[in-house]
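**Student:** Could you have a look at this structure, given as structure tokens, before my questions?
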Amino acid sequence: MAVTKEQVLAALAKVPAPGGAALTDARVLSDVVVSDDKVYFSISVDAAAVKAWEPVRAAAEAAVRAVPGVKSALVALTAERAAGSSAPRGPQPAHVANQPRAAGAAAPHAHAHPADKVQPGIPGVDAIIAVASGKGGVGKSTTAVNLALGLRDLGLKVGILDADIYGPSLPKLLAIKEKPQTLGGNKLKPIDRYGLTVMSIGFLIDEETPMIWRGPMVMSAITQMLREVEWGKLDVMVVDMPPGTGDAQLTMAQQVPLKGAVIVSTPQDLALIDARRGVAMFKRVNVPVLGVVENMSYFLCPECGTRSDIFSHGGARHEAERLGVPFLGEVPLHMTIREKSDAGLPVVATEPDGVHAKIYRDIAAKVLEQIRGGPSSGRTAPKIVIEA
């Protein structure tokens, strides 16, 4: 029998809020969404009360998971400042950064400062790297998959996490249709493909289901996929980030000790402007930039051999030099890469002796060199300080 919203609310009515009232009477719950025996909702409280409400959030999540038929639950704690109150000062958790402000007020400015505590890593995972882009449509996910396979070919045990909650790509790029299994009732078993350990929110939902989630829900989903998946022993975890410089990027920078980030861009000026923002964002939160990849760098006509720089050429290399970060390589715009990606047959895995596979393996070798020469996993976590 399918789980109903009424069953979930009945379970939440037994969870006490900090003042002793039932959680369902505390006027802090968002709408409860039940989809395919998975439950999603958020608890919105004043920023000053976050510490008192975190145990309630955990208790609510446990209560919902105990409802017969519920396979998983995602409960986000959203902190908001009461109208008319002054802006909080000093270090605040990342989710406090999404507070409303009065109309006409200046936008808050976020600075990253090192925190006192060291971020806990993912058990069994030696290094975590993010593959990011300032904008969509530059081939970031294709690059992430083939980079992961290139690292695999260097003899490493590699996992890949699809952190793009709104637009997951790994189910398509790796032709994965099966659902992950549950281990012990509270962890997911990732899926193996081409020697990679793989997890994506796309494995848990229908591909046509829109993810209409606010920032805190996205942050909670990413945290759960990091912490509640049985990743096993990995030398490297590659994280395919969503485009842009928002909640997901901050969550990754604060939740785990990233070894670094790879920025993917096309050569034209518009993409480079966004790539520049991506580099600046990771530097701001103390994440090393491992380098820049110029994707769709040039087009080589398969009929006549003529080279065409459709999106200009060399822009990412010049931008990397200007910003003082490594340039990792050029990937051409080619039908084989596109066709293989669309079919879930990435070129590094299915055409290992081809020229394109060699390009990705060369990029992977440069990334590995950066990882091994990079900072230790004991990097202190950035905190976000809000200045009104």
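Ligands are numbered from 1 in the order shown, residues from 1 within each chain, and chains are lettered A, B, ... in the order they appear in the structure tokens.
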Write out as a PyMOL selection string which residues come within 9 Å of A:Gly159 when counting only C-alpha atoms, dropping same-chain ones fewer than 6 positions away.
**Tutor:** chain A and resi 125+148+192+195-199+231+234-239
**Student:** Hey, what's within 9 Å of A:Lys233 if we count only C-alpha atoms and toss same-chain stuff fewer than 4 positions away? As a list in words, please?
**Tutor:** Pro123, Gly124, Val125, Asp126, Lys157 and Val158 of chain A
**Student:** Going by DSSP on the backbone, which residues of stretch 41-86 of chain A come out as strand (DSSP E)? List them as an MDAnalysis selection string.
**Tutor:** chainID A and resid 41:46 72:80
**Student:** Take the residues from that selection and write them out as a PDB file, in the first residue's frame, keeping N, CA and C atoms.
**Tutor:**
ATOM      1  N   PHE A  41      10.103  17.216   2.990  1.00  0.00           N
ATOM      2  CA  PHE A  41       9.525  18.442   3.537  1.00  0.00           C
ATOM      3  C   PHE A  41      10.619  19.219   4.251  1.00  0.00           C
ATOM      4  N   SER A  42      10.304  20.460   4.623  1.00  0.00           N
ATOM      5  CA  SER A  42      11.275  21.269   5.342  1.00  0.00           C
ATOM      6  C   SER A  42      10.654  21.837   6.610  1.00  0.00           C
ATOM      7  N   ILE A  43      11.516  22.221   7.545  1.00  0.00           N
ATOM      8  CA  ILE A  43      11.116  22.878   8.788  1.00  0.00           C
ATOM      9  C   ILE A  43      11.749  24.260   8.772  1.00  0.00           C
ATOM     10  N   SER A  44      10.937  25.310   8.779  1.00  0.00           N
ATOM     11  CA  SER A  44      11.441  26.687   8.693  1.00  0.00           C
ATOM     12  C   SER A  44      11.330  27.364  10.052  1.00  0.00           C
ATOM     13  N   VAL A  45      12.463  27.807  10.596  1.00  0.00           N
ATOM     14  CA  VAL A  45      12.501  28.401  11.928  1.00  0.00           C
ATOM     15  C   VAL A  45      13.318  29.682  11.887  1.00  0.00           C
ATOM     16  N   ASP A  46      13.269  30.447  12.964  1.00  0.00           N
ATOM     17  CA  ASP A  46      14.088  31.637  13.080  1.00  0.00           C
ATOM     18  C   ASP A  46      15.555  31.241  13.173  1.00  0.00           C
ATOM     19  N   SER A  72      12.565   6.255   2.068  1.00  0.00           N
ATOM     20  CA  SER A  72      13.553   7.256   2.462  1.00  0.00           C
ATOM     21  C   SER A  72      12.836   8.550   2.800  1.00  0.00           C
ATOM     22  N   ALA A  73      13.518   9.386   3.588  1.00  0.00           N
ATOM     23  CA  ALA A  73      12.952  10.680   3.968  1.00  0.00           C
ATOM     24  C   ALA A  73      14.032  11.733   3.884  1.00  0.00           C
ATOM     25  N   LEU A  74      13.645  12.900   3.406  1.00  0.00           N
ATOM     26  CA  LEU A  74      14.564  14.031   3.327  1.00  0.00           C
ATOM     27  C   LEU A  74      13.911  15.216   4.022  1.00  0.00           C
ATOM     28  N   VAL A  75      14.486  15.618   5.159  1.00  0.00           N
ATOM     29  CA  VAL A  75      13.940  16.716   5.962  1.00  0.00           C
ATOM     30  C   VAL A  75      14.993  17.808   6.054  1.00  0.00           C
ATOM     31  N   ALA A  76      14.687  18.980   5.520  1.00  0.00           N
ATOM     32  CA  ALA A  76      15.625  20.100   5.535  1.00  0.00           C
ATOM     33  C   ALA A  76      15.224  21.092   6.620  1.00  0.00           C
ATOM     34  N   LEU A  77      16.231  21.637   7.318  1.00  0.00           N
ATOM     35  CA  LEU A  77      16.007  22.677   8.308  1.00  0.00           C
ATOM     36  C   LEU A  77      16.367  24.016   7.678  1.00  0.00           C
ATOM     37  N   THR A  78      15.366  24.881   7.515  1.00  0.00           N
ATOM     38  CA  THR A  78      15.557  26.177   6.868  1.00  0.00           C
ATOM     39  C   THR A  78      15.529  27.271   7.922  1.00  0.00           C
ATOM     40  N   ALA A  79      16.579  28.107   7.971  1.00  0.00           N
ATOM     41  CA  ALA A  79      16.645  29.194   8.943  1.00  0.00           C
ATOM     42  C   ALA A  79      16.275  30.506   8.280  1.00  0.00           C
ATOM     43  N   GLU A  80      15.365  31.243   8.868  1.00  0.00           N
ATOM     44  CA  GLU A  80      14.957  32.534   8.348  1.00  0.00           C
ATOM     45  C   GLU A  80      14.970  33.573   9.476  1.00  0.00           C
TER      46      GLU A  80
END
**Student:** Considering only C-alpha atoms, state which residue in the set A:Leu149, A:Met241, A:Ile205, A:Leu226 is at the smallest distance from A:Thr350.
**Tutor:** A:Leu149
**Student:** Env of A:Thr4: 12 Å cut, atoms = only C-alpha atoms, seq-sep filter 6 positions within chain, self excluded. Answer as a PyMOL selection string.
**Tutor:** chain A and resi 10-11+32-39+64+67-70
**Student:** Report, in Å to a single decimal, how far apart atom CA of A:Glu319 and atom CA of A:Val131 are.
**Tutor:**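 Computed distance, atom CA of A:Val131 to atom CA of A:Glu319, equals 17.3 Å.
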**Student:** As an NGL selection string, list the residues of stretch 219-300 of chain A assigned to helix (DSSP H, G or I) by DSSP on the backbone atoms of this structure.
**Tutor:** :A and (219-227 or 247-255 or 269-284)
**Student:** Restrict the selected residues to N, CA and C atoms and save them as a compact mmCIF listing (two decimals), in the first residue's frame.
**Tutor:**
# COMPACT_ATOMS: atom_id res chain seq x y z
N MET A 219 20.61 21.26 -0.60
CA MET A 219 21.78 21.07 0.26
C MET A 219 21.65 19.79 1.07
N SER A 220 20.45 19.51 1.59
CA SER A 220 20.23 18.29 2.37
C SER A 220 20.37 17.05 1.49
N ALA A 221 19.86 17.13 0.26
CA ALA A 221 19.96 15.98 -0.65
C ALA A 221 21.41 15.65 -0.96
N ILE A 222 22.21 16.68 -1.22
CA ILE A 222 23.63 16.45 -1.51
C ILE A 222 24.33 15.86 -0.30
N THR A 223 24.03 16.38 0.88
CA THR A 223 24.64 15.87 2.10
C THR A 223 24.30 14.40 2.29
N GLN A 224 23.04 14.03 2.05
CA GLN A 224 22.63 12.64 2.21
C GLN A 224 23.34 11.73 1.20
N MET A 225 23.49 12.20 -0.03
CA MET A 225 24.16 11.36 -1.02
C MET A 225 25.65 11.21 -0.71
N LEU A 226 26.21 12.17 0.00
CA LEU A 226 27.60 12.05 0.44
C LEU A 226 27.72 11.11 1.63
N ARG A 227 26.84 11.27 2.61
CA ARG A 227 26.99 10.62 3.91
C ARG A 227 26.20 9.32 4.06
N ASP A 247 24.06 27.23 -3.93
CA ASP A 247 23.96 26.43 -2.71
C ASP A 247 24.75 25.13 -2.80
N ALA A 248 24.67 24.45 -3.95
CA ALA A 248 25.33 23.15 -4.08
C ALA A 248 26.84 23.29 -3.92
N GLN A 249 27.41 24.31 -4.53
CA GLN A 249 28.85 24.51 -4.44
C GLN A 249 29.27 24.83 -3.00
N LEU A 250 28.50 25.68 -2.33
CA LEU A 250 28.81 26.01 -0.94
C LEU A 250 28.66 24.80 -0.04
N THR A 251 27.63 23.98 -0.29
CA THR A 251 27.44 22.77 0.50
C THR A 251 28.64 21.85 0.38
N MET A 252 29.11 21.62 -0.85
CA MET A 252 30.27 20.76 -1.05
C MET A 252 31.50 21.32 -0.35
N ALA A 253 31.71 22.63 -0.47
CA ALA A 253 32.89 23.25 0.12
C ALA A 253 32.87 23.18 1.64
N GLN A 254 31.67 23.16 2.24
CA GLN A 254 31.56 23.16 3.69
C GLN A 254 31.41 21.77 4.28
N GLN A 255 30.88 20.82 3.50
CA GLN A 255 30.58 19.51 4.04
C GLN A 255 31.75 18.54 3.99
N ASP A 269 33.88 34.09 -25.20
CA ASP A 269 33.96 35.07 -24.12
C ASP A 269 32.86 34.90 -23.08
N LEU A 270 31.61 34.62 -23.52
CA LEU A 270 30.50 34.53 -22.58
C LEU A 270 30.71 33.40 -21.58
N ALA A 271 31.18 32.25 -22.05
CA ALA A 271 31.43 31.13 -21.15
C ALA A 271 32.60 31.43 -20.23
N LEU A 272 33.60 32.13 -20.74
CA LEU A 272 34.78 32.43 -19.93
C LEU A 272 34.46 33.39 -18.79
N ILE A 273 33.52 34.29 -19.01
CA ILE A 273 33.10 35.18 -17.93
C ILE A 273 32.55 34.36 -16.76
N ASP A 274 31.71 33.37 -17.09
CA ASP A 274 31.14 32.53 -16.04
C ASP A 274 32.18 31.60 -15.42
N ALA A 275 33.10 31.10 -16.24
CA ALA A 275 34.18 30.28 -15.71
C ALA A 275 35.02 31.06 -14.71
N ARG A 276 35.24 32.33 -15.02
CA ARG A 276 36.01 33.21 -14.13
C ARG A 276 35.32 33.30 -12.76
N ARG A 277 33.99 33.40 -12.78
CA ARG A 277 33.25 33.44 -11.52
C ARG A 277 33.42 32.13 -10.74
N GLY A 278 33.43 31.01 -11.48
CA GLY A 278 33.60 29.73 -10.82
C GLY A 278 34.95 29.61 -10.14
N VAL A 279 36.00 30.04 -10.83
CA VAL A 279 37.34 30.02 -10.24
C VAL A 279 37.37 30.90 -8.99
N ALA A 280 36.80 32.09 -9.09
CA ALA A 280 36.81 33.02 -7.96
C ALA A 280 36.03 32.46 -6.78
N MET A 281 34.90 31.79 -7.05
CA MET A 281 34.09 31.24 -5.97
C MET A 281 34.86 30.17 -5.20
N PHE A 282 35.50 29.24 -5.92
CA PHE A 282 36.23 28.18 -5.22
C PHE A 282 37.42 28.74 -4.45
N LYS A 283 38.08 29.74 -5.01
CA LYS A 283 39.17 30.37 -4.26
C LYS A 283 38.64 31.04 -3.00
N ARG A 284 37.45 31.65 -3.09
CA ARG A 284 36.87 32.35 -1.95
C ARG A 284 36.61 31.38 -0.78
**Student:** Rank nothing, just name the residue among A:Met335, A:Ile371, A:Val56, A:Leu258 nearest to A:Gly121, using only C-alpha atoms.
**Tutor:**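 The closest residue to A:Gly121 is A:Leu258.
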**Student:** For A:Thr142, which residue out of A:Lys179, A:Lys172, A:Lys14, A:Arg65 is the nearest one, using only C-alpha atoms?
**Tutor:**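 Smallest separation from A:Thr142 among the options: A:Lys172.
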**Student:** Which residue is closest to A:Tyr360? Choose from A:Leu183, A:Leu151, A:Leu174, A:Ala130 and count only C-alpha atoms.
**Tutor:**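 Using only C-alpha atoms, A:Tyr360 sits closest to A:Leu151.
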